[in-house]
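Participant: What follows is start10.cif, made up of mmCIF, C-alpha atoms:
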```cif
data_run
loop_
_atom_site.label_atom_id
_atom_site.label_comp_id
_atom_site.auth_asym_id
_atom_site.auth_seq_id
_atom_site.Cartn_x
_atom_site.Cartn_y
_atom_site.Cartn_z
CA MET A 2 155.50 77.37 -140.18
CA GLN A 3 157.38 80.51 -139.07
CA THR A 4 154.48 81.44 -136.78
CA ILE A 5 154.65 78.04 -135.10
CA THR A 6 158.43 78.30 -134.74
CA ARG A 7 158.15 81.75 -133.16
CA PHE A 8 155.43 80.54 -130.81
CA ARG A 9 157.62 77.64 -129.66
CA ALA A 10 160.60 79.95 -129.19
CA ASN A 11 158.53 82.41 -127.15
CA LEU A 12 157.14 79.58 -125.04
CA LEU A 13 160.62 78.18 -124.35
CA GLN A 14 161.85 81.63 -123.33
CA HIS A 15 158.89 82.09 -120.99
CA LEU A 16 159.56 78.70 -119.42
CA GLU A 17 163.26 79.51 -119.04
CA LYS A 18 162.51 82.80 -117.30
CA THR A 19 160.14 81.05 -114.91
CA ALA A 20 162.69 78.30 -114.21
CA ARG A 21 165.55 80.74 -113.61
CA ARG A 22 163.47 82.84 -111.22
CA ALA A 23 162.68 79.67 -109.29
CA LYS A 24 166.35 78.64 -109.21
CA LEU A 25 167.38 82.06 -107.94
CA ARG A 26 164.74 81.93 -105.19
CA ALA A 27 166.07 78.51 -104.18
CA TYR A 28 169.31 80.14 -103.01
CA ARG A 29 167.24 81.81 -100.26
CA SER A 30 169.36 84.94 -100.53
CA PRO A 31 167.57 88.28 -99.97
CA LYS A 32 170.38 90.06 -101.81
CA LEU A 33 170.11 87.74 -104.80
CA ASN A 34 166.32 87.79 -104.83
CA GLY A 35 166.31 91.58 -104.80
CA ALA A 36 168.98 92.01 -107.47
CA PHE A 37 166.66 91.82 -110.48
CA SER A 38 164.44 94.62 -109.15
CA ALA A 39 167.51 96.66 -108.17
CA VAL A 40 168.88 96.52 -111.72
CA GLU A 41 165.46 97.16 -113.25
CA ARG A 42 165.02 100.32 -111.14
CA ALA A 43 168.45 101.61 -112.07
CA VAL A 44 168.34 101.14 -115.85
CA ASP A 45 166.61 103.00 -118.66
CA ILE A 46 163.96 100.35 -119.12
CA GLU A 47 161.94 102.34 -121.65
CA ARG A 48 164.97 102.67 -123.89
CA ILE A 49 165.51 98.91 -123.70
CA LYS A 50 161.85 98.24 -124.55
CA ARG A 51 162.12 100.56 -127.53
CA LEU A 52 165.27 98.80 -128.70
CA ARG A 53 163.51 95.45 -128.44
CA ARG A 54 160.63 96.66 -130.60
CA GLU A 55 162.99 98.09 -133.19
CA VAL A 56 165.20 95.00 -133.54
CA ALA A 57 162.28 92.54 -133.40
CA PRO A 58 162.26 92.09 -137.22
CA MET A 59 165.98 91.22 -137.18
CA TYR A 60 165.41 88.82 -134.31
CA ARG A 61 162.67 87.02 -136.23
CA GLU A 62 164.99 86.63 -139.21
CA GLN A 63 168.13 85.82 -137.19
CA PRO A 64 167.20 84.58 -133.70
CA PHE A 65 170.86 83.91 -132.81
CA SER A 66 172.00 87.42 -133.74
CA ALA A 67 172.74 90.23 -131.29
CA ALA A 68 169.06 91.19 -131.47
CA LYS A 69 168.41 88.45 -128.88
CA TYR A 70 170.06 90.57 -126.17
CA ALA A 71 167.20 93.09 -126.24
CA ASP A 72 165.18 90.62 -124.14
CA PHE A 73 166.10 92.30 -120.86
CA PRO A 74 164.42 89.89 -118.40
CA LEU A 75 165.87 86.78 -120.02
CA TRP A 76 169.46 88.00 -120.20
CA LEU A 77 169.48 89.63 -116.79
CA LEU A 78 168.14 86.42 -115.23
CA ARG A 79 170.78 84.35 -117.06
CA ASN A 80 173.54 86.58 -115.76
CA LEU A 81 172.19 86.72 -112.22
CA HIS A 82 172.19 82.93 -112.35
CA ARG A 83 175.82 82.99 -113.54
CA ALA A 84 176.68 85.32 -110.67
CA ALA A 85 174.89 83.10 -108.15
CA ARG A 86 176.73 79.99 -109.30
CA LEU A 87 179.97 81.86 -108.80
CA GLY A 88 178.87 82.67 -105.26
CA LEU A 89 178.70 86.44 -105.79
CA HIS A 90 175.61 86.73 -103.60
CA GLU A 91 177.58 85.36 -100.63
CA THR A 92 180.16 88.13 -100.53
CA SER A 93 180.64 91.71 -101.65
CA GLY A 94 183.38 94.11 -102.63
CA LEU A 95 185.17 91.83 -105.10
CA ARG A 96 187.08 93.37 -107.98
CA ILE A 97 185.86 91.60 -111.12
CA LEU A 98 186.86 91.81 -114.79
CA ASP A 99 184.50 90.37 -117.42
CA ILE A 100 186.25 89.55 -120.70
CA GLY A 101 183.90 89.83 -123.68
CA ALA A 102 181.41 92.00 -121.82
CA GLY A 103 179.10 92.44 -124.83
CA PRO A 104 175.88 94.21 -123.79
CA GLY A 105 176.93 94.40 -120.13
CA TYR A 106 174.39 92.21 -118.37
CA PHE A 107 176.94 90.38 -116.21
CA ILE A 108 178.49 93.68 -115.15
CA ALA A 109 175.04 94.99 -114.15
CA ALA A 110 174.30 91.78 -112.23
CA ALA A 111 177.63 91.82 -110.36
CA GLN A 112 177.25 95.51 -109.53
CA ALA A 113 173.78 94.90 -108.11
CA LEU A 114 175.28 92.23 -105.84
CA GLY A 115 177.77 94.71 -104.40
CA HIS A 116 180.89 94.13 -106.48
CA ASP A 117 183.19 96.43 -108.43
CA CYS A 118 182.86 94.94 -111.92
CA SER A 119 184.31 96.24 -115.17
CA GLY A 120 184.71 94.67 -118.58
CA ILE A 121 186.58 94.61 -121.86
CA ASP A 122 185.56 93.80 -125.41
CA VAL A 123 186.87 94.31 -128.91
CA GLU A 124 186.80 97.66 -130.70
CA ASP A 125 183.43 98.71 -132.15
CA SER A 126 184.87 98.29 -135.65
CA CYS A 127 185.04 94.52 -135.04
CA PHE A 128 181.28 94.27 -134.51
CA THR A 129 178.55 94.00 -137.12
CA PRO A 130 176.27 97.04 -137.45
CA LEU A 131 173.58 95.21 -135.48
CA GLU A 132 176.01 94.24 -132.71
CA ARG A 133 177.29 97.81 -132.48
CA ARG A 134 173.78 99.17 -132.13
CA VAL A 135 172.51 96.60 -129.64
CA TYR A 136 175.64 96.61 -127.47
CA SER A 137 175.85 100.40 -127.45
CA GLU A 138 172.18 100.88 -126.57
CA LEU A 139 172.27 98.28 -123.81
CA LEU A 140 175.55 99.43 -122.29
CA GLU A 141 174.14 102.94 -122.10
CA SER A 142 170.79 101.76 -120.76
CA LEU A 143 172.40 99.52 -118.13
CA ASN A 144 174.77 102.34 -117.04
CA CYS A 145 177.74 100.16 -117.96
CA ARG A 146 179.27 102.04 -120.89
CA GLN A 147 181.94 103.71 -118.76
CA ARG A 148 182.88 100.32 -117.28
CA VAL A 149 183.81 98.64 -120.58
CA ALA A 150 187.15 99.33 -122.30
CA PRO A 151 187.98 98.47 -125.94
CA VAL A 152 190.64 95.80 -125.41
CA SER A 153 191.18 92.64 -127.44
CA ILE A 154 192.71 89.40 -126.17
CA GLU A 155 195.26 88.18 -128.71
CA ARG A 156 197.40 85.06 -128.79
CA PHE A 157 200.77 85.48 -127.04
CA VAL A 158 200.09 89.15 -126.27
CA PRO A 159 200.14 90.10 -122.56
CA TYR A 160 196.84 91.41 -121.36
CA PRO A 161 197.07 95.01 -120.08
CA PHE A 162 195.84 94.68 -116.50
CA ARG A 163 198.83 93.48 -114.52
CA GLY A 164 198.89 94.93 -111.05
CA GLU A 165 195.11 95.38 -110.88
CA SER A 166 194.73 92.53 -108.34
CA TYR A 167 191.39 91.21 -109.51
CA ASP A 168 189.53 88.75 -107.30
CA LEU A 169 187.66 87.20 -110.22
CA ILE A 170 188.09 87.28 -113.99
CA THR A 171 185.30 85.82 -116.12
CA ALA A 172 185.02 84.95 -119.81
CA PHE A 173 181.62 83.52 -120.74
CA LEU A 174 181.12 81.82 -124.13
CA THR A 175 184.71 82.59 -125.01
CA CYS A 176 185.45 83.67 -128.58
CA PHE A 177 188.90 85.26 -128.22
CA ASN A 178 190.38 81.76 -128.61
CA ARG A 179 189.41 81.92 -132.31
CA HIS A 180 186.31 79.79 -131.79
CA ASP A 181 185.06 78.30 -135.08
CA GLN A 182 188.19 79.58 -136.87
CA SER A 183 190.88 77.49 -138.51
CA ASP A 184 193.53 78.77 -136.08
CA VAL A 185 191.71 77.97 -132.83
CA TRP A 186 193.91 78.19 -129.73
CA GLY A 187 195.77 75.14 -128.55
CA VAL A 188 197.71 74.38 -125.37
CA PRO A 189 200.56 76.91 -125.96
CA GLU A 190 198.16 79.83 -126.43
CA TRP A 191 196.00 78.89 -123.46
CA ARG A 192 199.02 78.32 -121.21
CA PHE A 193 200.36 81.78 -122.07
CA PHE A 194 196.97 83.38 -121.46
CA VAL A 195 196.31 81.62 -118.15
CA GLU A 196 199.77 82.32 -116.73
CA ASP A 197 199.62 85.94 -117.88
CA VAL A 198 196.16 86.55 -116.43
CA LEU A 199 196.98 84.91 -113.12
CA GLY A 200 199.87 87.34 -112.83
CA GLY A 201 197.32 90.15 -112.54
CA MET A 202 195.24 88.56 -109.81
CA ARG A 203 195.53 88.39 -106.05
CA GLN A 204 196.48 85.11 -104.41
CA GLY A 205 193.35 82.98 -104.27
CA GLY A 206 191.70 84.94 -107.10
CA ARG A 207 189.69 82.93 -109.61
CA LEU A 208 189.73 82.76 -113.40
CA PHE A 209 186.52 81.37 -114.89
CA VAL A 210 186.34 80.43 -118.58
CA GLY A 211 183.18 79.18 -120.30
CA LEU A 212 183.94 77.63 -123.70
CA ASN A 213 181.72 77.40 -126.76
CA ASP A 214 181.10 73.94 -128.14
CA ASP A 215 182.71 72.82 -131.40
CA PRO A 216 181.73 69.17 -131.96
CA LYS A 217 182.81 69.24 -135.60
CA ARG A 218 186.38 69.91 -134.50
CA PHE A 219 186.52 68.13 -131.15
CA GLY A 220 184.00 65.31 -131.51
CA SER A 221 182.63 63.88 -128.27
CA LEU A 222 184.83 66.17 -126.14
CA LYS A 223 182.96 69.12 -127.75
CA TYR A 224 184.95 71.96 -126.16
CA TYR A 225 188.63 70.95 -126.45
CA ASP A 226 190.90 68.23 -127.73
CA ALA A 227 192.48 65.70 -125.37
CA ALA A 228 195.69 67.71 -124.94
CA LEU A 229 193.86 70.91 -124.03
CA LEU A 230 191.57 69.06 -121.62
CA GLU A 231 194.63 67.56 -119.94
CA TYR A 232 196.17 71.02 -119.60
CA PHE A 233 193.03 72.56 -118.10
CA GLN A 234 192.74 69.66 -115.64
CA SER A 235 196.37 70.17 -114.63
CA VAL A 236 195.77 73.79 -113.61
CA GLY A 237 192.13 73.87 -112.50
CA THR A 238 188.74 72.23 -112.34
CA VAL A 239 186.90 71.29 -115.55
CA LYS A 240 183.17 70.62 -115.80
CA GLY A 241 182.12 70.31 -119.42
CA ALA A 242 182.46 73.73 -121.03
CA ASN A 243 183.55 75.40 -117.80
CA VAL A 244 187.05 75.81 -116.44
CA MET A 245 187.85 77.33 -113.04
CA ILE A 246 191.43 78.11 -112.10
CA VAL A 247 192.49 79.46 -108.70
CA ASN A 248 195.62 81.60 -108.54
CA LYS A 249 198.62 80.21 -106.63
CA GLU A 250 196.50 77.76 -104.69
CA PRO A 251 195.42 74.18 -105.37
CA ALA A 252 192.24 74.08 -107.43
CA ARG A 253 189.39 74.02 -104.95
CA LYS A 254 185.81 72.89 -105.21
CA TRP A 255 183.65 75.69 -106.51
CA LEU A 256 179.96 76.22 -106.07
CA SER A 257 178.45 75.16 -109.35
CA VAL A 258 178.72 75.57 -113.11
CA PRO A 259 177.51 78.85 -114.64
CA ALA A 260 175.16 78.23 -117.55
#
```
Is it possible to express this structure as structure tokens?

Facilitator:
Amino acid sequence: MQTITRFRANLLQHLEKTARRAKLRAYRSPKLNGAFSAVERAVDIERIKRLRREVAPMYREQPFSAAKYADFPLWLLRNLHRAARLGLHETSGLRILDIGAGPGYFIAAAQALGHDCSGIDVEDSCFTPLERRVYSELLESLNCRQRVAPVSIERFVPYPFRGESYDLITAFLTCFNRHDQSDVWGVPEWRFFVEDVLGGMRQGGRLFVGLNDDPKRFGSLKYYDAALLEYFQSVGTVKGANVMIVNKEPARKWLSVPA
């Protein structure tokens, strides 16, 4: 049974990689189409392959653990797709901060597209041993270690980057809002965070938040309760799990929804 399950998982991953490559080609952007190869040439690919072999047993036992990030092609393609849907292939030179940078794939993707991207994540002591190993190995291999600072986002605590004038701040699959915890953030916490973060962005800069689903808590809304949805809609554009907020300007139509 496990062999069949692994076969199906491998097949689905192969199909996803094929589909994402096709979607990236559909943008007809030479810069975007060349980004995968550019990252691959710049990284320590042998170290990543070795990591994947070494964590393969953990991945087979826990496919949703950090061991999944050792699949370099899959995660780079996912993050190039995120970057494309944010329009990063259509411009260059943006200052970007990625909250919850993890293994660094989005930073590597944004850098390959010509942007100045850095990230933050929690202290190493907050990670499991497997997360520490995988994130550390990948950040080093992707040449992103020096671009990620150990900073946590806490409720009602100002974030430490005021005056940096970011053009884009991203938070994919957000967990700093106490996802799956009993004290998940509500409207007051999110309002404080949004207003604080926008204070450290240039006029017209964008804040993108991708939420995890929590149907047990939120039912059919999945990602938020009615009050939080109303708040997000009052300050930005909401499409399912994704919230885009533009600083000091009316919320404008944005390209698409990062997966």

Participant: Can you translate the PyMOL selection byres ((chain A and resi 88-98) around 9) into the concrete residues it hits in this file, as a ChimeraX atom specification?

Facilitator: /A:30-33,83-87,99-100,102,108,111,114-121,165-172,255-257

Participant: Find the spatial neighbours of range 216-227 of chain A, counting only C-alpha atoms, within a cut-off of 10 Å - ignore same-chain residues fewer than 2 positions away - and output them as a PyMOL selection string.

Facilitator: chain A and resi 180-181+183+185-188+211-214+229-233+241-243

Participant: For the PyMOL selection byres ((chain A and resi 244) around 6), applied here, can you spell out every residue it catches as a PyMOL selection string?

Facilitator: chain A and resi 209-210+238-239+243+245

Participant: Could those residues be written to a file, using C-alpha atoms, as a CSV table (one decimal), in the coordinates of the input?

Facilitator:
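The resulting file, part.csv, is shown below:
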```
chain,number,residue,atom,x,y,z
A,209,PHE,CA,186.5,81.4,-114.9
A,210,VAL,CA,186.3,80.4,-118.6
A,238,THR,CA,188.7,72.2,-112.3
A,239,VAL,CA,186.9,71.3,-115.6
A,243,ASN,CA,183.6,75.4,-117.8
A,245,MET,CA,187.8,77.3,-113.0
```

Participant: Report the distance between CA of Tyr60 in chain A and CA of Asn11 in chain A in Å, rounded to one decimal place.

Facilitator: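 Computed distance, CA of Tyr60 in chain A to CA of Asn11 in chain A, equals 11.8 Å.
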
Participant: Which one is closest to Arg21 in chain A: A:Asn80, A:Asn248, A:Ser38, A:Ser66? Count all atoms listed in the file.

Facilitator: A:Asn80

Participant: Residues within 9 Å of range 191-196 of chain A, please, as a VMD selection string. Count all atoms listed in the file; anything in the same chain fewer than 5 positions from it doesn't count.

Facilitator: chain A and resid 154 to 160 178 186 208 229 232 to 233 246

Participant: Could the residues in this selection be written to a file with C-alpha atoms, as a compact mmCIF listing (two decimals), keeping the file's coordinate frame?

Facilitator:
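Result file follows (out_20.txt):
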```txt
# COMPACT_ATOMS: atom_id res chain seq x y z
CA ILE A 154 192.71 89.40 -126.17
CA GLU A 155 195.26 88.18 -128.71
CA ARG A 156 197.40 85.06 -128.79
CA PHE A 157 200.77 85.48 -127.04
CA VAL A 158 200.09 89.15 -126.27
CA PRO A 159 200.14 90.10 -122.56
CA TYR A 160 196.84 91.41 -121.36
CA ASN A 178 190.38 81.76 -128.61
CA TRP A 186 193.91 78.19 -129.73
CA LEU A 208 189.73 82.76 -113.40
CA LEU A 229 193.86 70.91 -124.03
CA TYR A 232 196.17 71.02 -119.60
CA PHE A 233 193.03 72.56 -118.10
CA ILE A 246 191.43 78.11 -112.10
```

Participant: Could you work out how far CA of Cys176 in chain A lies from CA of Cys127 in chain A, giving the answer in Å with one decimal?

Facilitator: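 That distance, rounded to one decimal, is 12.6 Å.
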
Participant: Between A:Ser235, A:Gln182, A:Gln204, A:Thr175, which has the minimum distance to Val247 in chain A (counting all atoms listed in the file)?

Facilitator: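 Residue with the minimum atom-to-atom distance to Val247 in chain A: A:Gln204.
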
Participant: Expressed in Å to a single decimal, how great is the separation between CA of Tyr70 in chain A and CA of Gln14 in chain A?

Facilitator: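 Taking CA of Tyr70 in chain A as the start and CA of Gln14 in chain A as the end point, the length is 12.5 Å.
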
Participant: A:Pro130, A:Leu174, A:Gly103, A:Met202: which is nearest Arg146 in chain A, counting all atoms listed in the file?

Facilitator: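 Among the listed residues, A:Gly103 lies closest to Arg146 in chain A.
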
Participant: Find the spatial neighbours of Met59 in chain A, counting all atoms listed in the file, within a cut-off of 12 Å - ignore same-chain residues fewer than 2 positions away - and output them as a ChimeraX atom specification.

Facilitator: /A:52-57,61-71,130-132,135

Participant: Evaluate the PyMOL selection byres ((chain A and resi 75-79) around 8) against this structure - the residues, as number ranges by chain, please.

Facilitator: A: 14, 17-18, 21-22, 37, 70, 72-74, 80-83, 106-107, 110, 260

Participant: Pick out the closest residue to Ala109 in chain A from this set: A:Gln234, A:Asn34, A:Asn144, A:Ser153. Count all atoms listed in the file.

Facilitator: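 Looking only at the distances to Ala109 in chain A, the closest residue turns out to be A:Asn144.
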
Participant: Looking at all atoms listed in the file, which of A:Ser142, A:Leu13, A:Ala23, A:Gly101 is the one that sits closest to Phe128 in chain A?

Facilitator: A:Gly101

Participant: Need the axis-aligned box for range 228-238 of chain A with 4 Å each side, so what are the centre and edges in Å to one decimal, as AutoDock Vina command-line options?

Facilitator:
```
--center_x 192.6 --center_y 70.7 --center_z -118.6 --size_x 15.6 --size_y 14.3 --size_z 20.6
```

Participant: What would range 124-158 of chain A look like with N, CA and C atoms restored, written as an mmCIF file, keeping the file's coordinate frame?

Facilitator:
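Final output, saved to out_18.cif:
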```
data_model
loop_
_atom_site.group_PDB
_atom_site.id
_atom_site.type_symbol
_atom_site.label_atom_id
_atom_site.label_comp_id
_atom_site.auth_asym_id
_atom_site.auth_seq_id
_atom_site.Cartn_x
_atom_site.Cartn_y
_atom_site.Cartn_z
ATOM 1 N N GLU A 124 187.170 96.355 -130.174
ATOM 2 C CA GLU A 124 186.800 97.660 -130.700
ATOM 3 C C GLU A 124 185.474 97.577 -131.446
ATOM 4 N N ASP A 125 184.722 98.677 -131.462
ATOM 5 C CA ASP A 125 183.430 98.710 -132.150
ATOM 6 C C ASP A 125 183.552 98.311 -133.614
ATOM 7 N N SER A 126 184.693 98.602 -134.238
ATOM 8 C CA SER A 126 184.870 98.290 -135.650
ATOM 9 C C SER A 126 184.862 96.789 -135.929
ATOM 10 N N CYS A 127 185.056 95.979 -134.887
ATOM 11 C CA CYS A 127 185.040 94.520 -135.040
ATOM 12 C C CYS A 127 183.629 93.948 -135.025
ATOM 13 N N PHE A 128 182.655 94.743 -134.605
ATOM 14 C CA PHE A 128 181.280 94.270 -134.510
ATOM 15 C C PHE A 128 180.530 94.505 -135.814
ATOM 16 N N THR A 129 179.477 93.726 -136.026
ATOM 17 C CA THR A 129 178.550 94.000 -137.120
ATOM 18 C C THR A 129 177.743 95.242 -136.768
ATOM 19 N N PRO A 130 177.107 95.879 -137.761
ATOM 20 C CA PRO A 130 176.270 97.040 -137.450
ATOM 21 C C PRO A 130 175.208 96.739 -136.394
ATOM 22 N N LEU A 131 174.596 95.556 -136.464
ATOM 23 C CA LEU A 131 173.580 95.210 -135.480
ATOM 24 C C LEU A 131 174.195 95.051 -134.095
ATOM 25 N N GLU A 132 175.342 94.388 -134.006
ATOM 26 C CA GLU A 132 176.010 94.240 -132.710
ATOM 27 C C GLU A 132 176.378 95.604 -132.136
ATOM 28 N N ARG A 133 176.911 96.482 -132.973
ATOM 29 C CA ARG A 133 177.290 97.810 -132.480
ATOM 30 C C ARG A 133 176.080 98.532 -131.907
ATOM 31 N N ARG A 134 174.966 98.462 -132.611
ATOM 32 C CA ARG A 134 173.780 99.170 -132.130
ATOM 33 C C ARG A 134 173.260 98.571 -130.839
ATOM 34 N N VAL A 135 173.084 97.254 -130.813
ATOM 35 C CA VAL A 135 172.510 96.600 -129.640
ATOM 36 C C VAL A 135 173.424 96.762 -128.427
ATOM 37 N N TYR A 136 174.717 96.501 -128.597
ATOM 38 C CA TYR A 136 175.640 96.610 -127.470
ATOM 39 C C TYR A 136 175.698 98.039 -126.951
ATOM 40 N N SER A 137 175.766 99.000 -127.867
ATOM 41 C CA SER A 137 175.850 100.400 -127.450
ATOM 42 C C SER A 137 174.608 100.824 -126.678
ATOM 43 N N GLU A 138 173.438 100.506 -127.221
ATOM 44 C CA GLU A 138 172.180 100.880 -126.570
ATOM 45 C C GLU A 138 172.066 100.246 -125.189
ATOM 46 N N LEU A 139 172.423 98.968 -125.090
ATOM 47 C CA LEU A 139 172.270 98.280 -123.810
ATOM 48 C C LEU A 139 173.320 98.733 -122.793
ATOM 49 N N LEU A 140 174.547 98.934 -123.227
ATOM 50 C CA LEU A 140 175.550 99.430 -122.290
ATOM 51 C C LEU A 140 175.161 100.788 -121.717
ATOM 52 N N GLU A 141 174.615 101.643 -122.573
ATOM 53 C CA GLU A 141 174.140 102.940 -122.100
ATOM 54 C C GLU A 141 172.952 102.779 -121.167
ATOM 55 N N SER A 142 172.012 101.941 -121.548
ATOM 56 C CA SER A 142 170.790 101.760 -120.760
ATOM 57 C C SER A 142 171.064 101.116 -119.413
ATOM 58 N N LEU A 143 172.048 100.222 -119.375
ATOM 59 C CA LEU A 143 172.400 99.520 -118.130
ATOM 60 C C LEU A 143 173.413 100.303 -117.297
ATOM 61 N N ASN A 144 173.780 101.509 -117.754
ATOM 62 C CA ASN A 144 174.770 102.340 -117.040
ATOM 63 C C ASN A 144 176.113 101.647 -116.921
ATOM 64 N N CYS A 145 176.486 100.914 -117.983
ATOM 65 C CA CYS A 145 177.740 100.160 -117.960
ATOM 66 C C CYS A 145 178.749 100.653 -119.000
ATOM 67 N N ARG A 146 178.385 101.608 -119.815
ATOM 68 C CA ARG A 146 179.270 102.040 -120.890
ATOM 69 C C ARG A 146 180.648 102.445 -120.361
ATOM 70 N N GLN A 147 180.673 103.216 -119.284
ATOM 71 C CA GLN A 147 181.940 103.710 -118.760
ATOM 72 C C GLN A 147 182.763 102.605 -118.111
ATOM 73 N N ARG A 148 182.184 101.432 -117.930
ATOM 74 C CA ARG A 148 182.880 100.320 -117.280
ATOM 75 C C ARG A 148 183.491 99.337 -118.278
ATOM 76 N N VAL A 149 183.305 99.570 -119.568
ATOM 77 C CA VAL A 149 183.810 98.640 -120.580
ATOM 78 C C VAL A 149 184.853 99.332 -121.453
ATOM 79 N N ALA A 150 186.053 98.757 -121.515
ATOM 80 C CA ALA A 150 187.150 99.330 -122.300
ATOM 81 C C ALA A 150 187.353 98.513 -123.578
ATOM 82 N N PRO A 151 187.735 99.175 -124.673
ATOM 83 C CA PRO A 151 187.980 98.470 -125.940
ATOM 84 C C PRO A 151 189.346 97.798 -125.947
ATOM 85 N N VAL A 152 189.392 96.569 -125.494
ATOM 86 C CA VAL A 152 190.640 95.800 -125.410
ATOM 87 C C VAL A 152 190.398 94.412 -125.975
ATOM 88 N N SER A 153 191.280 93.972 -126.868
ATOM 89 C CA SER A 153 191.180 92.640 -127.440
ATOM 90 C C SER A 153 192.179 91.694 -126.773
ATOM 91 N N ILE A 154 191.800 90.439 -126.647
ATOM 92 C CA ILE A 154 192.710 89.400 -126.170
ATOM 93 C C ILE A 154 193.281 88.708 -127.402
ATOM 94 N N GLU A 155 194.599 88.766 -127.557
ATOM 95 C CA GLU A 155 195.260 88.180 -128.710
ATOM 96 C C GLU A 155 196.244 87.096 -128.260
ATOM 97 N N ARG A 156 196.482 86.142 -129.136
ATOM 98 C CA ARG A 156 197.400 85.060 -128.790
ATOM 99 C C ARG A 156 198.807 85.598 -128.520
ATOM 100 N N PHE A 157 199.396 85.152 -127.429
ATOM 101 C CA PHE A 157 200.770 85.480 -127.040
ATOM 102 C C PHE A 157 201.014 86.971 -126.841
ATOM 103 N N VAL A 158 199.957 87.718 -126.573
ATOM 104 C CA VAL A 158 200.090 89.150 -126.270
ATOM 105 C C VAL A 158 199.661 89.357 -124.824
#
```
